[in-house]
Structure formats: structure tokens, C-alpha cells
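Below is target-v4.pdb, holding PDB, C-alpha atoms.
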```pdb
ATOM      1  CA  MET I 150     -15.010 -13.387  23.372
ATOM      2  CA  SER I 151     -18.276 -12.060  21.987
ATOM      3  CA  SER I 152     -18.939 -11.580  18.299
ATOM      4  CA  THR I 153     -19.004  -7.796  18.790
ATOM      5  CA  ASP I 154     -15.226  -7.898  19.293
ATOM      6  CA  PHE I 155     -14.729  -9.145  15.753
ATOM      7  CA  ALA I 156     -14.341  -6.962  12.710
ATOM      8  CA  HIS I 157     -16.631  -7.699   9.823
ATOM      9  CA  ILE I 158     -16.825  -6.717   6.167
ATOM     10  CA  GLY I 159     -18.576  -3.404   5.604
ATOM     11  CA  ARG I 160     -18.415  -3.854   1.840
ATOM     12  CA  THR I 161     -16.389  -5.621  -0.819
ATOM     13  CA  LEU I 162     -15.291  -4.124  -4.109
ATOM     14  CA  ARG I 163     -13.293  -5.150  -7.134
ATOM     15  CA  GLY I 164     -10.582  -2.941  -8.559
ATOM     16  CA  MET I 165     -10.798  -1.146 -11.887
ATOM     17  CA  PRO I 166      -8.418  -1.570 -14.850
ATOM     18  CA  ALA I 167      -6.163   1.466 -15.135
ATOM     19  CA  SER I 168      -2.847   2.579 -16.554
ATOM     20  CA  ASP I 169      -0.204   4.831 -15.095
ATOM     21  CA  GLY I 170       3.309   6.004 -15.828
ATOM     22  CA  ALA I 171       4.113   5.442 -19.505
ATOM     23  CA  GLY I 172       1.105   3.170 -19.956
ATOM     24  CA  VAL I 173       1.752   0.428 -17.386
ATOM     25  CA  ARG I 174      -1.364  -1.700 -16.946
ATOM     26  CA  LEU I 175      -2.597  -2.146 -13.396
ATOM     27  CA  THR I 176      -5.689  -2.583 -11.242
ATOM     28  CA  ARG I 177      -6.710   0.408  -9.118
ATOM     29  CA  VAL I 178      -8.331  -0.816  -5.912
ATOM     30  CA  ILE I 179      -8.474   2.364  -3.801
ATOM     31  CA  GLY I 180      -8.738   5.715  -5.586
ATOM     32  CA  THR I 181     -11.769   4.796  -7.710
ATOM     33  CA  PRO I 182     -15.250   6.329  -7.861
ATOM     34  CA  GLN I 183     -16.456   3.407  -5.723
ATOM     35  CA  LEU I 184     -13.762   3.903  -3.050
ATOM     36  CA  GLU I 185     -12.054   7.273  -3.377
ATOM     37  CA  MET I 186     -10.004   6.831  -0.194
ATOM     38  CA  LEU I 187     -10.015   5.116   3.180
ATOM     39  CA  ASP I 188      -8.362   7.646   5.492
ATOM     40  CA  PRO I 189      -5.324   7.682   5.652
ATOM     41  CA  PHE I 190      -5.058   5.526   2.510
ATOM     42  CA  LEU I 191      -5.379   7.452  -0.740
ATOM     43  CA  MET I 192      -4.744   4.803  -3.379
ATOM     44  CA  LEU I 193      -3.930   1.129  -3.816
ATOM     45  CA  ASP I 194      -2.711  -0.266  -7.126
ATOM     46  CA  GLU I 195      -2.046  -3.920  -7.859
ATOM     47  CA  PHE I 196       0.234  -4.652 -10.787
ATOM     48  CA  GLY I 197       0.754  -8.169 -12.043
ATOM     49  CA  THR I 198       1.566  -9.509 -15.489
ATOM     50  CA  ASP I 199       3.998 -11.784 -17.277
ATOM     51  CA  GLN I 200       3.600  -9.822 -20.508
ATOM     52  CA  PRO I 201       6.607  -7.470 -20.832
ATOM     53  CA  GLU I 202       4.664  -5.049 -23.027
ATOM     54  CA  ASP I 203       2.449  -4.350 -20.001
ATOM     55  CA  TYR I 204       5.293  -3.035 -17.847
ATOM     56  CA  LEU I 205       8.463  -2.294 -19.843
ATOM     57  CA  ALA I 206       7.598   1.391 -20.318
ATOM     58  CA  GLY I 207       7.695   1.780 -16.533
ATOM     59  CA  PHE I 208       7.101   4.990 -14.614
ATOM     60  CA  PRO I 209       9.423   7.713 -15.952
ATOM     61  CA  ASP I 210      10.160  10.903 -13.988
ATOM     62  CA  HIS I 211       7.097  12.154 -12.118
ATOM     63  CA  PRO I 212       6.679  14.436  -9.081
ATOM     64  CA  HIS I 213       5.141  13.762  -5.671
ATOM     65  CA  ARG I 214       4.290  16.053  -2.760
ATOM     66  CA  GLY I 215       2.407  15.696   0.508
ATOM     67  CA  PHE I 216       2.087  11.931   1.003
ATOM     68  CA  GLU I 217       3.933   8.592   1.100
ATOM     69  CA  THR I 218       4.185   5.792  -1.454
ATOM     70  CA  VAL I 219       4.660   2.194  -0.352
ATOM     71  CA  THR I 220       5.902  -0.256  -2.978
ATOM     72  CA  TYR I 221       5.854  -3.963  -2.137
ATOM     73  CA  MET I 222       7.385  -6.187  -4.798
ATOM     74  CA  LEU I 223       6.191  -9.784  -5.083
ATOM     75  CA  ASP I 224       7.925 -10.646  -8.369
ATOM     76  CA  GLY I 225      10.291  -8.806 -10.678
ATOM     77  CA  ARG I 226      12.852  -6.030 -10.229
ATOM     78  CA  MET I 227      12.297  -2.273 -10.314
ATOM     79  CA  ARG I 228      14.980   0.436 -10.271
ATOM     80  CA  HIS I 229      14.055   3.724  -8.630
ATOM     81  CA  LYS I 230      15.827   7.071  -8.883
ATOM     82  CA  ASP I 231      15.031  10.586  -7.739
ATOM     83  CA  ASN I 232      16.340  14.094  -8.348
ATOM     84  CA  HIS I 233      18.061  14.160  -4.940
ATOM     85  CA  GLY I 234      20.554  11.455  -5.950
ATOM     86  CA  ASN I 235      18.816   8.475  -4.321
ATOM     87  CA  GLU I 236      18.811   5.244  -6.330
ATOM     88  CA  GLY I 237      18.241   1.545  -5.705
ATOM     89  CA  VAL I 238      16.677  -1.663  -6.972
ATOM     90  CA  LEU I 239      13.575  -3.289  -5.523
ATOM     91  CA  VAL I 240      13.745  -7.097  -5.760
ATOM     92  CA  PRO I 241      11.084  -9.749  -5.026
ATOM     93  CA  GLY I 242       9.939  -9.473  -1.411
ATOM     94  CA  SER I 243      11.408  -6.006  -0.826
ATOM     95  CA  VAL I 244       9.579  -2.920   0.418
ATOM     96  CA  GLN I 245      10.137   0.773  -0.162
ATOM     97  CA  TRP I 246       8.273   3.287   2.016
ATOM     98  CA  MET I 247       8.962   6.677   0.435
ATOM     99  CA  THR I 248       7.978   9.892   2.207
ATOM    100  CA  ALA I 249       7.666  12.473  -0.564
ATOM    101  CA  GLY I 250       7.169  15.317   1.910
ATOM    102  CA  ARG I 251       7.832  18.743   0.359
ATOM    103  CA  GLY I 252       8.496  17.183  -3.010
ATOM    104  CA  LEU I 253      10.736  15.139  -5.272
ATOM    105  CA  VAL I 254      10.855  13.897  -8.839
ATOM    106  CA  HIS I 255      10.961  10.131  -8.961
ATOM    107  CA  SER I 256      11.145   7.323 -11.531
ATOM    108  CA  GLU I 257      10.515   3.587 -11.294
ATOM    109  CA  MET I 258      11.715   1.508 -14.229
ATOM    110  CA  PRO I 259      11.749  -2.298 -14.706
ATOM    111  CA  GLU I 260      15.155  -3.968 -14.399
ATOM    112  CA  GLN I 261      14.090  -6.889 -16.570
ATOM    113  CA  GLN I 262      13.092  -7.568 -20.155
ATOM    114  CA  GLU I 263      10.940 -10.643 -19.548
ATOM    115  CA  GLY I 264       9.258 -12.576 -16.779
ATOM    116  CA  ARG I 265       6.624 -11.716 -14.231
ATOM    117  CA  MET I 266       6.256  -8.285 -12.607
ATOM    118  CA  ARG I 267       3.889  -8.267  -9.643
ATOM    119  CA  GLY I 268       3.321  -6.156  -6.555
ATOM    120  CA  PHE I 269       1.418  -3.345  -4.900
ATOM    121  CA  GLN I 270       1.752   0.390  -4.512
ATOM    122  CA  LEU I 271      -0.113   2.048  -1.653
ATOM    123  CA  TRP I 272      -0.411   5.810  -1.132
ATOM    124  CA  VAL I 273      -0.604   6.940   2.501
ATOM    125  CA  ASN I 274      -1.531  10.503   3.434
ATOM    126  CA  LEU I 275       0.654  12.685   5.618
ATOM    127  CA  PRO I 276      -0.737  15.022   8.289
ATOM    128  CA  ALA I 277      -0.670  18.742   7.515
ATOM    129  CA  ALA I 278       2.233  19.253   9.914
ATOM    130  CA  GLU I 279       4.422  16.807   7.943
ATOM    131  CA  LYS I 280       3.481  17.519   4.327
ATOM    132  CA  MET I 281       6.462  19.822   3.782
ATOM    133  CA  THR I 282       9.112  17.712   5.519
ATOM    134  CA  GLN I 283      12.296  16.618   3.763
ATOM    135  CA  PRO I 284      11.828  13.564   1.525
ATOM    136  CA  GLN I 285      13.109  10.292   2.967
ATOM    137  CA  TYR I 286      13.128   6.542   2.303
ATOM    138  CA  GLN I 287      12.622   3.459   4.424
ATOM    139  CA  GLU I 288      13.805   0.647   2.159
ATOM    140  CA  PHE I 289      14.132  -2.961   3.205
ATOM    141  CA  ALA I 290      15.455  -6.037   1.401
ATOM    142  CA  PRO I 291      13.466  -9.301   1.712
ATOM    143  CA  GLU I 292      15.672 -10.669   4.490
ATOM    144  CA  ARG I 293      14.856  -7.637   6.647
ATOM    145  CA  ILE I 294      11.097  -8.265   6.506
ATOM    146  CA  PRO I 295      10.242 -10.593   9.412
ATOM    147  CA  GLN I 296       8.445 -13.766   8.372
ATOM    148  CA  LEU I 297       6.813 -15.981  10.952
ATOM    149  CA  GLN I 298       4.376 -18.840  11.434
ATOM    150  CA  PRO I 299       2.130 -17.824  14.332
ATOM    151  CA  ALA I 300      -0.013 -20.957  13.935
ATOM    152  CA  ASP I 301      -0.169 -24.138  11.876
ATOM    153  CA  GLY I 302      -0.920 -23.323   8.252
ATOM    154  CA  VAL I 303      -0.303 -19.587   8.720
ATOM    155  CA  ARG I 304       2.587 -17.576   7.284
ATOM    156  CA  VAL I 305       2.874 -13.832   7.876
ATOM    157  CA  LYS I 306       5.312 -11.241   6.564
ATOM    158  CA  VAL I 307       5.324  -8.243   8.911
ATOM    159  CA  ILE I 308       6.050  -5.096   6.913
ATOM    160  CA  ALA I 309       4.570  -2.693   9.470
ATOM    161  CA  GLY I 310       2.848  -3.208  12.804
ATOM    162  CA  ARG I 311       3.219  -6.176  15.133
ATOM    163  CA  VAL I 312       2.313  -9.845  15.267
ATOM    164  CA  GLY I 313       2.894 -11.000  18.819
ATOM    165  CA  ASP I 314       6.371  -9.864  19.800
ATOM    166  CA  VAL I 315       7.530  -9.409  16.196
ATOM    167  CA  ALA I 316       7.517  -5.871  14.780
ATOM    168  CA  GLY I 317       7.851  -4.860  11.160
ATOM    169  CA  PRO I 318      10.674  -2.507  10.158
ATOM    170  CA  ILE I 319       8.532   0.430   9.007
ATOM    171  CA  ARG I 320       8.110   3.342  11.427
ATOM    172  CA  GLN I 321       5.560   6.112  10.878
ATOM    173  CA  PRO I 322       4.145   7.552  14.123
ATOM    174  CA  ALA I 323       1.628   9.808  12.341
ATOM    175  CA  THR I 324      -0.521   6.930  11.051
ATOM    176  CA  ASP I 325       0.871   3.974  13.060
ATOM    177  CA  PRO I 326       0.445   1.659  10.051
ATOM    178  CA  VAL I 327      -0.129  -2.086   9.929
ATOM    179  CA  TYR I 328       0.860  -3.886   6.722
ATOM    180  CA  LEU I 329       0.832  -7.691   6.749
ATOM    181  CA  ASP I 330       1.152 -10.226   3.925
ATOM    182  CA  ILE I 331      -0.791 -13.248   5.205
ATOM    183  CA  GLU I 332      -0.946 -16.704   3.644
ATOM    184  CA  LEU I 333      -3.345 -19.339   4.996
ATOM    185  CA  ALA I 334      -3.412 -23.008   4.064
ATOM    186  CA  PRO I 335      -6.779 -24.415   2.912
ATOM    187  CA  GLY I 336      -9.367 -24.415   5.709
ATOM    188  CA  THR I 337      -7.133 -22.549   8.171
ATOM    189  CA  THR I 338      -8.505 -19.838  10.464
ATOM    190  CA  TRP I 339      -6.360 -17.136  12.077
ATOM    191  CA  ASP I 340      -7.206 -14.130  14.268
ATOM    192  CA  HIS I 341      -5.262 -10.879  14.446
ATOM    193  CA  ASP I 342      -5.918  -7.834  16.628
ATOM    194  CA  LEU I 343      -5.612  -4.382  15.076
ATOM    195  CA  PRO I 344      -4.977  -1.142  16.995
ATOM    196  CA  ASP I 345      -8.075   0.595  18.318
ATOM    197  CA  GLY I 346      -9.517   3.271  16.046
ATOM    198  CA  HIS I 347      -7.634   2.299  12.895
ATOM    199  CA  ASN I 348      -9.293   2.123   9.493
ATOM    200  CA  ALA I 349      -8.540  -1.226   7.890
ATOM    201  CA  PHE I 350      -8.922  -3.244   4.739
ATOM    202  CA  ALA I 351      -7.982  -6.692   3.461
ATOM    203  CA  TYR I 352      -7.169  -7.354  -0.185
ATOM    204  CA  ALA I 353      -7.205 -10.959  -1.380
ATOM    205  CA  PHE I 354      -4.785 -11.602  -4.221
ATOM    206  CA  GLU I 355      -4.558 -15.396  -4.215
ATOM    207  CA  GLY I 356      -7.331 -17.851  -3.405
ATOM    208  CA  GLY I 357     -10.382 -16.926  -1.379
ATOM    209  CA  GLY I 358     -12.097 -17.414   1.945
ATOM    210  CA  SER I 359     -14.040 -15.406   4.482
ATOM    211  CA  ILE I 360     -13.630 -12.641   7.045
ATOM    212  CA  GLY I 361     -15.560 -12.383  10.288
ATOM    213  CA  GLU I 362     -16.992 -14.694  12.902
ATOM    214  CA  GLY I 363     -20.252 -16.591  13.081
ATOM    215  CA  ALA I 364     -23.269 -14.976  11.473
ATOM    216  CA  GLN I 365     -21.198 -11.931  10.490
ATOM    217  CA  SER I 366     -18.730 -13.947   8.421
ATOM    218  CA  ARG I 367     -18.715 -12.892   4.757
ATOM    219  CA  PRO I 368     -16.830 -14.287   1.757
ATOM    220  CA  ILE I 369     -13.918 -12.603   0.048
ATOM    221  CA  ALA I 370     -12.719 -13.674  -3.385
ATOM    222  CA  SER I 371      -9.440 -13.141  -5.189
ATOM    223  CA  GLN I 372      -8.942  -9.545  -6.412
ATOM    224  CA  GLU I 373     -11.519  -8.209  -3.960
ATOM    225  CA  ILE I 374     -10.948  -5.591  -1.276
ATOM    226  CA  ALA I 375     -12.900  -5.858   1.963
ATOM    227  CA  VAL I 376     -13.379  -2.656   3.950
ATOM    228  CA  LEU I 377     -13.439  -3.737   7.587
ATOM    229  CA  VAL I 378     -15.715  -2.257  10.252
ATOM    230  CA  GLY I 379     -16.752  -3.098  13.799
ATOM    231  CA  GLY I 380     -14.399  -4.759  16.248
ATOM    232  CA  ARG I 381     -10.618  -4.881  16.278
ATOM    233  CA  THR I 382     -10.090  -8.653  15.930
ATOM    234  CA  VAL I 383      -9.860  -9.758  12.302
ATOM    235  CA  ARG I 384     -10.724 -13.416  11.743
ATOM    236  CA  LEU I 385      -9.500 -14.772   8.417
ATOM    237  CA  THR I 386     -10.553 -18.197   7.144
ATOM    238  CA  ALA I 387      -9.137 -19.735   3.981
ATOM    239  CA  GLY I 388     -11.265 -21.557   1.467
ATOM    240  CA  GLU I 389     -10.390 -24.889  -0.112
ATOM    241  CA  GLY I 390      -7.793 -23.256  -2.367
ATOM    242  CA  GLY I 391      -6.058 -21.376   0.434
ATOM    243  CA  LEU I 392      -5.966 -17.601   0.896
ATOM    244  CA  ARG I 393      -3.339 -14.901   0.579
ATOM    245  CA  VAL I 394      -4.194 -11.333   1.554
ATOM    246  CA  ILE I 395      -2.592  -8.082   2.504
ATOM    247  CA  LEU I 396      -4.117  -6.741   5.720
ATOM    248  CA  VAL I 397      -3.554  -2.995   6.033
ATOM    249  CA  ALA I 398      -4.639  -0.562   8.740
ATOM    250  CA  GLY I 399      -3.790   2.974   9.783
ATOM    251  CA  ARG I 400      -4.811   5.751  12.139
ATOM    252  CA  PRO I 401      -7.138   8.143  10.272
ATOM    253  CA  LEU I 402      -5.919  11.749  10.033
ATOM    254  CA  ARG I 403      -9.386  13.338   9.761
ATOM    255  CA  GLU I 404      -8.036  16.369   7.890
ATOM    256  CA  PRO I 405      -9.240  18.073   4.703
ATOM    257  CA  VAL I 406      -7.818  16.489   1.551
ATOM    258  CA  ALA I 407      -7.100  18.414  -1.637
ATOM    259  CA  ARG I 408      -5.534  16.269  -4.333
ATOM    260  CA  TYR I 409      -4.609  16.603  -7.952
ATOM    261  CA  GLY I 410      -2.571  13.918  -9.656
ATOM    262  CA  PRO I 411       0.697  13.471  -7.762
ATOM    263  CA  PHE I 412       0.031  16.222  -5.198
ATOM    264  CA  VAL I 413      -1.985  15.678  -1.996
ATOM    265  CA  MET I 414      -2.402  18.679   0.290
ATOM    266  CA  ASN I 415      -5.090  20.209   2.504
ATOM    267  CA  THR I 416      -6.287  23.151   0.364
ATOM    268  CA  LYS I 417      -6.635  24.045  -3.317
ATOM    269  CA  GLU I 418      -4.224  26.933  -2.756
ATOM    270  CA  GLN I 419      -1.559  24.494  -1.584
ATOM    271  CA  ILE I 420      -2.112  22.377  -4.700
ATOM    272  CA  MET I 421      -1.651  25.444  -6.910
ATOM    273  CA  GLN I 422       1.555  26.284  -5.028
ATOM    274  CA  ALA I 423       2.799  22.716  -5.575
ATOM    275  CA  PHE I 424       2.423  23.180  -9.347
ATOM    276  CA  VAL I 425       4.307  26.485  -9.201
ATOM    277  CA  ASP I 426       7.106  24.990  -7.100
ATOM    278  CA  TYR I 427       7.439  22.004  -9.418
ATOM    279  CA  GLN I 428       7.438  24.117 -12.591
ATOM    280  CA  GLU I 429      10.069  26.439 -11.093
ATOM    281  CA  GLY I 430      12.342  23.547 -10.126
ATOM    282  CA  ARG I 431      11.979  23.788  -6.356
ATOM    283  CA  PHE I 432      11.321  20.091  -5.771
TER     284      PHE I 432
END
```

What's the C-alpha cells form of this structure?
Amino acid sequence: MSSTDFAHIGRTLRGMPASDGAGVRLTRVIGTPQLEMLDPFLMLDEFGTDQPEDYLAGFPDHPHRGFETVTYMLDGRMRHKDNHGNEGVLVPGSVQWMTAGRGLVHSEMPEQQEGRMRGFQLWVNLPAAEKMTQPQYQEFAPERIPQLQPADGVRVKVIAGRVGDVAGPIRQPATDPVYLDIELAPGTTWDHDLPDGHNAFAYAFEGGGSIGEGAQSRPIASQEIAVLVGGRTVRLTAGEGGLRVILVAGRPLREPVARYGPFVMNTKEQIMQAFVDYQEGRF
């Protein structure tokens, strides 16, 4: 296989400190001036703290329209509710893929008073044809997320996409997403093929290592996002402290994006209508 088949790092960036909800502290990785979006991905937040004052206020009622939110819990418990009567608790290792569609009012509140709260929330755009669909949830407990060891020193949780014959539980034909939690032992190298034409990124959240092959290999450090370009085969190599990353990819929509706060549509007029519908209780 030639080196041109391998993806390489187009650029690396560090997230920015931010707060959301009722003042929850987090790191915004996508959705910053440096990386406004990576079609179809609109935002990526990492939250992680063992200080209760950083998360206890949670995310009280807030609206969404026109996109999907993906919450992946690593540590801690979060209760979610919406104004359509849906309610549940996200526990460590669980995933919620929420399609906001035409709109809902949603809250996410910690179910704990102490301990570590850690995870990710990813925003994924919806195509114009699906922005006004009925809201729905794909929610999976930890035991429903396949975990495999495709090679020595490699552990992968398959949230969306495929690794070999193993498919993740999430289904979204519009963007055909890949979402993998990959852990490599020190010095281990592992290759994974992504679908043709997908935009992709890797975010390292434990340890460090490199991405790419040969002369195109570039380092990635903890709390860095690597925007991937080039070929479809991603080669990950762990450093001496090991490496844990989320590898995420999706089919770009290539549609106009109009966004304001919790609303993501295609035109400014649609954003204005979203405000009217929300204020008049039509969510």
C-alpha cells in the first residue's frame, strides 16, 4: 500500500475554555473561531472535572432545532428530560444520539453530588430535508456498545460505523457517521479504513502519539484535535504513555448553514421562524 492511501493530519488545534448551560465548565474543540465546523460536525465539547462546582448546575431547559446532539459519557451520571415526556439517565459508557429535528426543549442535569463527570457532546448537522422531522432518540447502555480487540494492544468501542464485521448501534443514513473510542497500548500501531469522501477528525484525550505513515506522520498530544485529510486509511501510533482517541467521521452535507445558539438551519429566515415557534410554544 502506498503512502498516498493514508490519511494525514491537515492541522492540529487545542480546544478553548468555555461554559454552557448554567455555567458548566468545558472545553470547546469544534465551534471555535479556529475551527467553526467540519461538515457535518458543528460542535464538539469535552467536559471533564472532579470538582462538583464545575458541573452541578447542569444544563437546564434549553431548545434545539435542526441538528443532532451526541452525548458520550465516560464518567458520571446525567439525567435528561424533554418536553415530549422522554426521560432517562446516561451512565458511564452510555451514548445518546438525539435528533432534535423540528424542535424540543431539553435538559441535562447531573445525577450525582460528587465524583468525576467526564464525556463528550458532539453536534451533527441534519440535511435540509430532515431538519423538520419529529424528534427522536437513539440511546444505548454501555453493554449495547460493542467493544472489541482487533489487534494486540488495541481496544475499540464501536458507537457508529464498522470495525471489521462489527457495527455500532447508531444508524443515521444522511451522514453515515463513524464514531470510535480507541485505546492503544504504548508503542502500538493500528490502521482503520474510513468511508470514501467522509470528513474526519481524531481527538486525543488520554496520552499521545502520532497519526499518519512514514514521512507524513505527525504527532498528536492529549487535548488536541487532528483534522484528517488525504487518504482513507488512518494509522494511529501510541506514544510511550499509550493513546486514547475518539475517531469521528461523517459524510459532508455541503449545504448552506445558518446557525444561532441552539438553532441550526439553512437560511436566516428559518432561524427567525425557529425563534417565533419556540416563543409561541410550538416545540

Counting all atoms listed in the file, what is within 10 Å of Arg384 (chain I), bar same-chain residues fewer than 6 positions away, as a short mmCIF file (atom, residue, chain, number, x, y, z; two decimals) with C-alpha atoms, in the frame of the given file?
```
data_model
loop_
_atom_site.label_atom_id
_atom_site.label_comp_id
_atom_site.auth_asym_id
_atom_site.auth_seq_id
_atom_site.Cartn_x
_atom_site.Cartn_y
_atom_site.Cartn_z
CA PHE I 155 -14.73 -9.14 15.75
CA ALA I 156 -14.34 -6.96 12.71
CA HIS I 157 -16.63 -7.70 9.82
CA THR I 338 -8.51 -19.84 10.46
CA TRP I 339 -6.36 -17.14 12.08
CA ASP I 340 -7.21 -14.13 14.27
CA HIS I 341 -5.26 -10.88 14.45
CA ASP I 342 -5.92 -7.83 16.63
CA SER I 359 -14.04 -15.41 4.48
CA ILE I 360 -13.63 -12.64 7.04
CA GLY I 361 -15.56 -12.38 10.29
CA GLU I 362 -16.99 -14.69 12.90
CA SER I 366 -18.73 -13.95 8.42
#
```

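Between CA of Ser243 (chain I) and CA of Ile395 (chain I) the separation is 14.5 Å.
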
Surrounding residues of Trp272 (chain I) excluding itself and chain neighbours under 3 positions, 9 Å, all atoms listed in the file, as a list in words: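 After dropping sequence-adjacent residues, the list is Pro189, Phe190, Leu191, Met192, Leu193, Asp194, Phe216, Glu217, Thr218, Val219 and Thr220 of chain I.
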
Cut-off 6 Å: closest region 335-365 of chain I/region 396-416 of chain I atom pairs per residue, using only C-alpha atoms, as JSON lines:
```
{"residue": "I:His347", "atom": "CA", "partner": "I:Arg400", "partner_atom": "CA", "distance": 4.5}
{"residue": "I:Asn348", "atom": "CA", "partner": "I:Ala398", "partner_atom": "CA", "distance": 5.4}
{"residue": "I:Ala349", "atom": "CA", "partner": "I:Ala398", "partner_atom": "CA", "distance": 4.0}
{"residue": "I:Phe350", "atom": "CA", "partner": "I:Val397", "partner_atom": "CA", "distance": 5.5}
{"residue": "I:Ala351", "atom": "CA", "partner": "I:Leu396", "partner_atom": "CA", "distance": 4.5}
```

Neighbour list for region 313-324 of chain I as number ranges by chain, cut-off 10 Å, only C-alpha atoms, skip fewer than 4 positions in-chain: I: 188-190, 244-246, 248, 273-276, 278-279, 287-289, 293-297, 299, 306-309, 328-329, 341-342, 347, 398-402

Show which residues sit within 8 Å of Pro209 (chain I), as a JSON list (two decimals) with C-alpha atoms, keeping the file's coordinate frame. Count only C-alpha atoms, and ignore same-chain residues fewer than 3 positions away.
```json
[["chain", "number", "residue", "atom", "x", "y", "z"],
["I", 170, "GLY", "CA", 3.31, 6.00, -15.83],
["I", 171, "ALA", "CA", 4.11, 5.44, -19.50],
["I", 206, "ALA", "CA", 7.60, 1.39, -20.32],
["I", 255, "HIS", "CA", 10.96, 10.13, -8.96],
["I", 256, "SER", "CA", 11.14, 7.32, -11.53],
["I", 257, "GLU", "CA", 10.52, 3.59, -11.29],
["I", 258, "MET", "CA", 11.72, 1.51, -14.23]]
```

Which residues come within 6 Å of Val376 (chain I), counting only C-alpha atoms, excluding same-chain residues fewer than 4 positions away, as a short mmCIF file (atom, residue, chain, number, x, y, z; two decimals) with C-alpha atoms, in the frame of the given file?
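Contents of the output file selection-v5.cif:
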```cif
data_model
loop_
_atom_site.label_atom_id
_atom_site.label_comp_id
_atom_site.auth_asym_id
_atom_site.auth_seq_id
_atom_site.Cartn_x
_atom_site.Cartn_y
_atom_site.Cartn_z
CA ILE I 158 -16.82 -6.72 6.17
CA GLY I 159 -18.58 -3.40 5.60
CA ARG I 160 -18.42 -3.85 1.84
CA PHE I 350 -8.92 -3.24 4.74
#
```

Residues returned when the PyMOL selection byres ((chain I and resi 254) around 10) runs on this file, as a list of chain:residue names: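 Taken on the displayed file, the PyMOL selection byres ((chain I and resi 254) around 10) yields the residues I:Pro209, I:Asp210, I:His211, I:Pro212, I:His213, I:Arg214, I:Lys230, I:Asp231, I:Asn232, I:His233, I:Ala249, I:Gly252, I:Leu253, I:His255, I:Ser256, I:Tyr427, I:Gly430, I:Phe432.
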
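Note that CA of Asp426 (chain I) and CA of Val173 (chain I) are 27.2 Å apart.
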
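Separating CA of Val178 (chain I) from CA of Leu205 (chain I) is a distance of 21.9 Å.
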
Sel. within 8 Å of pt (-3.1, -23.7, 2.4), counting all atoms listed in the file, output as an NGL selection string: :I and (302 or 332-337 or 387 or 389-392)

Top pick for closest residue to Asp169 (chain I), considering I:Gln422, I:Thr282, I:Gln372, I:Gln270 and counting all atoms listed in the file: I:Gln270

Hits from the PyMOL selection byres ((chain I and resi 183) around 10), listed as a list of chain:residue names: I:Leu162, I:Arg163, I:Gly164, I:Met165, I:Val178, I:Ile179, I:Gly180, I:Thr181, I:Pro182, I:Leu184, I:Glu185, I:Met186

Among the residues I:Ser371, I:Asn235, I:Gln262, I:Gln283, the one that comes closest to Arg393 (chain I) [using only C-alpha atoms]: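 With only C-alpha atoms as the atom set, the closest residue is I:Ser371.
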
Evaluate the PyMOL selection byres ((chain I and resi 175) around 9) and report residues as number ranges by chain: I: 165-169, 173-174, 176-177, 194-198, 203

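Proximity to Gln285 (chain I) was assessed for I:Pro241, I:Arg267, I:Gly234, I:Ala300 counting all atoms listed in the file; the smallest distance is recorded for I:Gly234.
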
Residue among I:Lys280, I:Arg381, I:Glu373, I:Asp330 lying closest to Asp345 (chain I), counting only C-alpha atoms: I:Arg381
